[in-house]
>>> print(open('run34.pdb').read())   # PDB, C-alpha atoms
ATOM      1  CA  MET A  19     -19.442  11.424  -9.246
ATOM      2  CA  GLU A  20     -21.531  12.695  -6.318
ATOM      3  CA  THR A  21     -19.908  15.042  -3.785
ATOM      4  CA  LYS A  22     -20.169  12.650  -0.823
ATOM      5  CA  ALA A  23     -18.539   9.914  -2.928
ATOM      6  CA  ILE A  24     -15.669  12.243  -3.875
ATOM      7  CA  ALA A  25     -15.224  13.317  -0.238
ATOM      8  CA  THR A  26     -15.112   9.659   0.792
ATOM      9  CA  LYS A  27     -12.587   8.895  -1.951
ATOM     10  CA  ILE A  28     -10.401  11.766  -0.694
ATOM     11  CA  ALA A  29     -10.608  10.351   2.824
ATOM     12  CA  ALA A  30      -9.734   6.854   1.593
ATOM     13  CA  ALA A  31      -6.735   8.172  -0.360
ATOM     14  CA  ALA A  32      -5.533   9.995   2.766
ATOM     15  CA  ASN A  33      -6.056   6.842   4.806
ATOM     16  CA  ASP A  34      -3.976   4.838   2.303
ATOM     17  CA  LYS A  35      -0.971   6.976   3.275
ATOM     18  CA  LYS A  36      -1.594   6.776   7.038
ATOM     19  CA  ALA A  37      -3.287  10.139   7.599
ATOM     20  CA  LYS A  38      -4.541  10.593  11.152
ATOM     21  CA  ASP A  39      -7.938  11.690  12.449
ATOM     22  CA  ILE A  40      -9.675  11.881   9.065
ATOM     23  CA  LEU A  41     -12.875  13.873   9.358
ATOM     24  CA  LEU A  42     -15.573  14.767   6.833
ATOM     25  CA  LEU A  43     -17.484  17.977   7.559
ATOM     26  CA  ASN A  44     -20.771  18.420   5.719
ATOM     27  CA  MET A  45     -20.794  22.115   4.837
ATOM     28  CA  GLU A  46     -24.043  22.079   2.829
ATOM     29  CA  GLY A  47     -26.201  24.969   3.964
ATOM     30  CA  LEU A  48     -23.366  26.437   6.061
ATOM     31  CA  SER A  49     -20.948  27.580   3.396
ATOM     32  CA  PRO A  50     -21.718  29.066   0.002
ATOM     33  CA  VAL A  51     -18.246  28.010  -1.129
ATOM     34  CA  THR A  52     -18.161  24.222  -0.679
ATOM     35  CA  ASP A  53     -20.252  21.197   0.305
ATOM     36  CA  TYR A  54     -17.610  19.178   2.186
ATOM     37  CA  TYR A  55     -14.350  19.682   3.999
ATOM     38  CA  VAL A  56     -12.142  16.643   4.393
ATOM     39  CA  ILE A  57      -9.637  17.265   7.180
ATOM     40  CA  CYS A  58      -6.726  15.049   8.152
ATOM     41  CA  SER A  59      -3.279  15.335   9.670
ATOM     42  CA  ALA A  60       0.177  13.819   9.675
ATOM     43  CA  GLY A  61       3.222  13.877  11.931
ATOM     44  CA  ASN A  62       5.709  15.449   9.527
ATOM     45  CA  SER A  63       5.738  17.666   6.435
ATOM     46  CA  ASN A  64       6.990  14.889   4.126
ATOM     47  CA  LEU A  65       3.981  12.773   5.049
ATOM     48  CA  VAL A  66       1.653  15.764   4.581
ATOM     49  CA  LYS A  67       2.967  16.063   1.000
ATOM     50  CA  THR A  68       2.712  12.295   0.419
ATOM     51  CA  ILE A  69      -0.926  12.299   1.536
ATOM     52  CA  ALA A  70      -1.766  15.279  -0.695
ATOM     53  CA  ASP A  71       0.007  13.636  -3.642
ATOM     54  CA  ASN A  72      -1.971  10.424  -3.150
ATOM     55  CA  ILE A  73      -5.262  12.329  -2.997
ATOM     56  CA  GLU A  74      -4.414  14.037  -6.298
ATOM     57  CA  ASP A  75      -3.314  10.764  -7.900
ATOM     58  CA  LYS A  76      -6.376   8.757  -6.819
ATOM     59  CA  LEU A  77      -8.879  11.421  -7.863
ATOM     60  CA  GLY A  78      -6.958  12.057 -11.073
ATOM     61  CA  GLU A  79      -7.560   8.412 -12.012
ATOM     62  CA  ASP A  80     -11.278   9.317 -12.132
ATOM     63  CA  GLY A  81     -10.657  12.532 -14.050
ATOM     64  CA  VAL A  82     -11.207  14.726 -10.991
ATOM     65  CA  PHE A  83      -8.565  17.435 -10.568
ATOM     66  CA  PRO A  84      -8.175  20.264  -8.066
ATOM     67  CA  THR A  85      -9.014  23.743  -9.288
ATOM     68  CA  HIS A  86      -6.558  25.200  -6.783
ATOM     69  CA  LYS A  87      -3.757  23.978  -4.518
ATOM     70  CA  GLU A  88      -2.004  25.864  -1.714
ATOM     71  CA  GLY A  89       0.705  25.221   0.852
ATOM     72  CA  TYR A  90       2.576  22.430  -0.900
ATOM     73  CA  ALA A  91       6.019  24.073  -0.689
ATOM     74  CA  ASP A  92       5.900  24.331   3.122
ATOM     75  CA  GLY A  93       4.042  21.067   3.698
ATOM     76  CA  ARG A  94       2.434  22.366   6.886
ATOM     77  CA  TRP A  95      -1.136  22.811   5.605
ATOM     78  CA  ILE A  96      -1.936  21.724   2.078
ATOM     79  CA  LEU A  97      -5.308  22.755   0.726
ATOM     80  CA  LEU A  98      -6.682  20.966  -2.341
ATOM     81  CA  ASP A  99      -9.768  22.702  -3.745
ATOM     82  CA  TYR A 100     -12.044  20.440  -5.766
ATOM     83  CA  GLY A 101     -14.865  22.979  -5.909
ATOM     84  CA  ASP A 102     -17.619  21.240  -3.969
ATOM     85  CA  ILE A 103     -15.040  19.534  -1.732
ATOM     86  CA  VAL A 104     -11.956  21.043  -0.107
ATOM     87  CA  ALA A 105      -9.286  18.753   1.332
ATOM     88  CA  HIS A 106      -7.141  20.073   4.191
ATOM     89  CA  VAL A 107      -4.010  18.052   4.941
ATOM     90  CA  PHE A 108      -2.395  19.415   8.091
ATOM     91  CA  LEU A 109       0.770  18.947  10.034
ATOM     92  CA  GLU A 110      -0.574  17.967  13.467
ATOM     93  CA  GLU A 111       0.526  21.216  15.162
ATOM     94  CA  GLU A 112      -1.075  23.320  12.433
ATOM     95  CA  ARG A 113      -4.352  21.424  12.723
ATOM     96  CA  ASP A 114      -4.391  21.993  16.479
ATOM     97  CA  PHE A 115      -3.669  25.699  15.994
ATOM     98  CA  TYR A 116      -6.259  26.424  13.274
ATOM     99  CA  ASN A 117      -8.848  24.019  14.723
ATOM    100  CA  LEU A 118     -11.237  24.006  11.757
ATOM    101  CA  GLU A 119     -13.422  21.474  13.544
ATOM    102  CA  GLN A 120     -14.182  24.069  16.227
ATOM    103  CA  LEU A 121     -14.535  26.915  13.728
ATOM    104  CA  TRP A 122     -17.162  24.892  11.853
ATOM    105  CA  ALA A 123     -18.658  23.174  14.914
ATOM    106  CA  ASP A 124     -22.173  23.591  13.462
ATOM    107  CA  ALA A 125     -21.283  21.317  10.534
ATOM    108  CA  PRO A 126     -22.374  17.701  10.803
ATOM    109  CA  SER A 127     -19.193  15.635  10.921
ATOM    110  CA  GLU A 128     -18.217  12.031  10.571
ATOM    111  CA  ALA A 129     -14.925  10.300  11.157
ATOM    112  CA  PHE A 130     -13.663   8.275   8.221
ATOM    113  CA  VAL A 131     -13.701   4.563   8.940
ATOM    114  CA  GLU A 132     -12.064   2.267   6.429
ATOM    115  CA  ASN A 133     -14.441  -0.302   4.981
ATOM    116  CA  ASP A 134     -12.741  -3.694   5.240
ATOM    117  CA  ASN A 135     -15.308  -5.300   2.936
ATOM    118  CA  GLU A 136     -13.852  -3.765  -0.229
TER     119      GLU A 136
END
>>> encode(input="run34.pdb", output="structure tokens")
Amino acid sequence: METKAIATKIAAAANDKKAKDILLLNMEGLSPVTDYYVICSAGNSNLVKTIADNIEDKLGEDGVFPTHKEGYADGRWILLDYGDIVAHVFLEEERDFYNLEQLWADAPSEAFVENDNE
């Protein structure tokens, strides 16, 4: 599966569980570590965990598994590392504080919009 398709699938899985402000950052040429960041947020730590769980479940159905996972116990900022794509699921306050969108302002970004034609 191509990286953009995986990033979009991550965004769709987050959207399924009511993640807010889902953003895809194209990191190609900007970061030697990853090609895409998928960033989203939720209003409480239980929902942050639910979103992360759904991302893992949906990608797992396609045989795609994270190589690393951080922050699950606290549920404030869960990072799921899929190699070429890194998913960041934030509690809203944490997202505002760390402001990855501003840190990586040079990265082309696109908001995730659910496709109703599926």
>>> residues_around(input="run34.pdb", residues="Gly93 (chain A)", least_positions_apart="5", cutoff="10 Å", atoms="all atoms listed in the file", output="PDB file with C-alpha atoms, in the frame of the given file")
ATOM      1  CA  ASN A  62       5.709  15.449   9.527  1.00  0.00           C
ATOM      2  CA  SER A  63       5.738  17.666   6.435  1.00  0.00           C
ATOM      3  CA  ASN A  64       6.990  14.889   4.126  1.00  0.00           C
ATOM      4  CA  LEU A  65       3.981  12.773   5.049  1.00  0.00           C
ATOM      5  CA  VAL A  66       1.653  15.764   4.581  1.00  0.00           C
ATOM      6  CA  LYS A  67       2.967  16.063   1.000  1.00  0.00           C
ATOM      7  CA  THR A  68       2.712  12.295   0.419  1.00  0.00           C
ATOM      8  CA  ALA A  70      -1.766  15.279  -0.695  1.00  0.00           C
ATOM      9  CA  GLU A  88      -2.004  25.864  -1.714  1.00  0.00           C
ATOM     10  CA  VAL A 107      -4.010  18.052   4.941  1.00  0.00           C
ATOM     11  CA  PHE A 108      -2.395  19.415   8.091  1.00  0.00           C
ATOM     12  CA  LEU A 109       0.770  18.947  10.034  1.00  0.00           C
TER      13      LEU A 109
END
>>> resolve_selection(input="run34.pdb", expression="the PyMOL selection byres ((chain A and resi 28-45) around 9)", output="VMD selection string")
chain A and resid 22 to 27 46 to 61 65 to 66 68 to 70 72 to 77 105 107 110 119 122 124 to 132
>>> atom_distance(input="run34.pdb", atom1="CA of Arg94 (chain A)", atom2="CA of Ala123 (chain A)")
22.6 Å
>>> axis_aligned_box(input="run34.pdb", around="region 58-61 of chain A", padding_each_side="5 Å", output="JSON")
{"center_x": -1.8, "center_y": 14.6, "center_z": 10.0, "size_x": 19.9, "size_y": 11.5, "size_z": 13.8}
>>> resolve_selection(input="run34.pdb", expression="the PyMOL selection byres ((chain A and resi 99) around 10)", output="list in words")
Thr52, Tyr55, Phe83, Pro84, Thr85, His86, Lys87, Glu88, Ile96, Leu97, Leu98, Tyr100, Gly101, Asp102, Ile103, Val104, Ala105 and His106 of chain A
>>> atom_distance(input="run34.pdb", atom1="CA of Trp95 (chain A)", atom2="CA of Arg113 (chain A)")
7.9 Å
>>> atom_distance(input="run34.pdb", atom1="CA of Glu112 (chain A)", atom2="CA of Ala91 (chain A)")
14.9 Å
>>> build_atoms(input="run34.pdb", residues="region 106-129 of chain A", atoms="N, CA and C atoms", output="compact mmCIF listing (two decimals), keeping the file's coordinate frame")
# COMPACT_ATOMS: atom_id res chain seq x y z
N HIS A 106 -8.13 19.39 3.36
CA HIS A 106 -7.14 20.07 4.19
C HIS A 106 -6.24 19.00 4.79
N VAL A 107 -4.98 19.01 4.40
CA VAL A 107 -4.01 18.05 4.94
C VAL A 107 -3.05 18.85 5.81
N PHE A 108 -3.12 18.62 7.11
CA PHE A 108 -2.40 19.42 8.09
C PHE A 108 -1.23 18.66 8.71
N LEU A 109 -0.19 19.39 9.05
CA LEU A 109 0.77 18.95 10.03
C LEU A 109 0.03 19.02 11.37
N GLU A 110 0.23 18.06 12.24
CA GLU A 110 -0.57 17.97 13.47
C GLU A 110 -0.64 19.29 14.25
N GLU A 111 0.51 19.96 14.40
CA GLU A 111 0.53 21.22 15.16
C GLU A 111 -0.32 22.29 14.50
N GLU A 112 -0.29 22.33 13.17
CA GLU A 112 -1.08 23.32 12.43
C GLU A 112 -2.57 23.04 12.60
N ARG A 113 -2.94 21.77 12.55
CA ARG A 113 -4.35 21.42 12.72
C ARG A 113 -4.84 21.84 14.11
N ASP A 114 -4.02 21.59 15.12
CA ASP A 114 -4.39 21.99 16.48
C ASP A 114 -4.54 23.51 16.58
N PHE A 115 -3.65 24.24 15.93
CA PHE A 115 -3.67 25.70 15.99
C PHE A 115 -4.90 26.29 15.29
N TYR A 116 -5.16 25.85 14.06
CA TYR A 116 -6.26 26.42 13.27
C TYR A 116 -7.63 25.86 13.65
N ASN A 117 -7.66 24.63 14.15
CA ASN A 117 -8.85 24.02 14.72
C ASN A 117 -10.12 24.25 13.90
N LEU A 118 -10.08 23.83 12.64
CA LEU A 118 -11.24 24.01 11.76
C LEU A 118 -12.48 23.29 12.28
N GLU A 119 -12.28 22.20 12.98
CA GLU A 119 -13.42 21.47 13.54
C GLU A 119 -14.22 22.36 14.50
N GLN A 120 -13.51 23.16 15.29
CA GLN A 120 -14.18 24.07 16.23
C GLN A 120 -14.78 25.26 15.49
N LEU A 121 -14.05 25.79 14.51
CA LEU A 121 -14.54 26.92 13.73
C LEU A 121 -15.86 26.57 13.05
N TRP A 122 -15.96 25.35 12.55
CA TRP A 122 -17.16 24.89 11.85
C TRP A 122 -17.90 23.86 12.70
N ALA A 123 -18.03 24.12 13.99
CA ALA A 123 -18.66 23.17 14.91
C ALA A 123 -20.12 22.89 14.58
N ASP A 124 -20.77 23.80 13.85
CA ASP A 124 -22.17 23.59 13.46
C ASP A 124 -22.31 22.57 12.33
N ALA A 125 -21.23 22.25 11.67
CA ALA A 125 -21.28 21.32 10.53
C ALA A 125 -21.39 19.88 11.03
N PRO A 126 -22.33 19.14 10.48
CA PRO A 126 -22.37 17.70 10.80
C PRO A 126 -21.05 17.06 10.37
N SER A 127 -20.49 16.24 11.24
CA SER A 127 -19.19 15.64 10.92
C SER A 127 -19.25 14.13 11.10
N GLU A 128 -18.37 13.47 10.38
CA GLU A 128 -18.22 12.03 10.57
C GLU A 128 -16.76 11.66 10.38
N ALA A 129 -16.29 10.81 11.27
CA ALA A 129 -14.92 10.30 11.16
C ALA A 129 -14.89 9.27 10.03
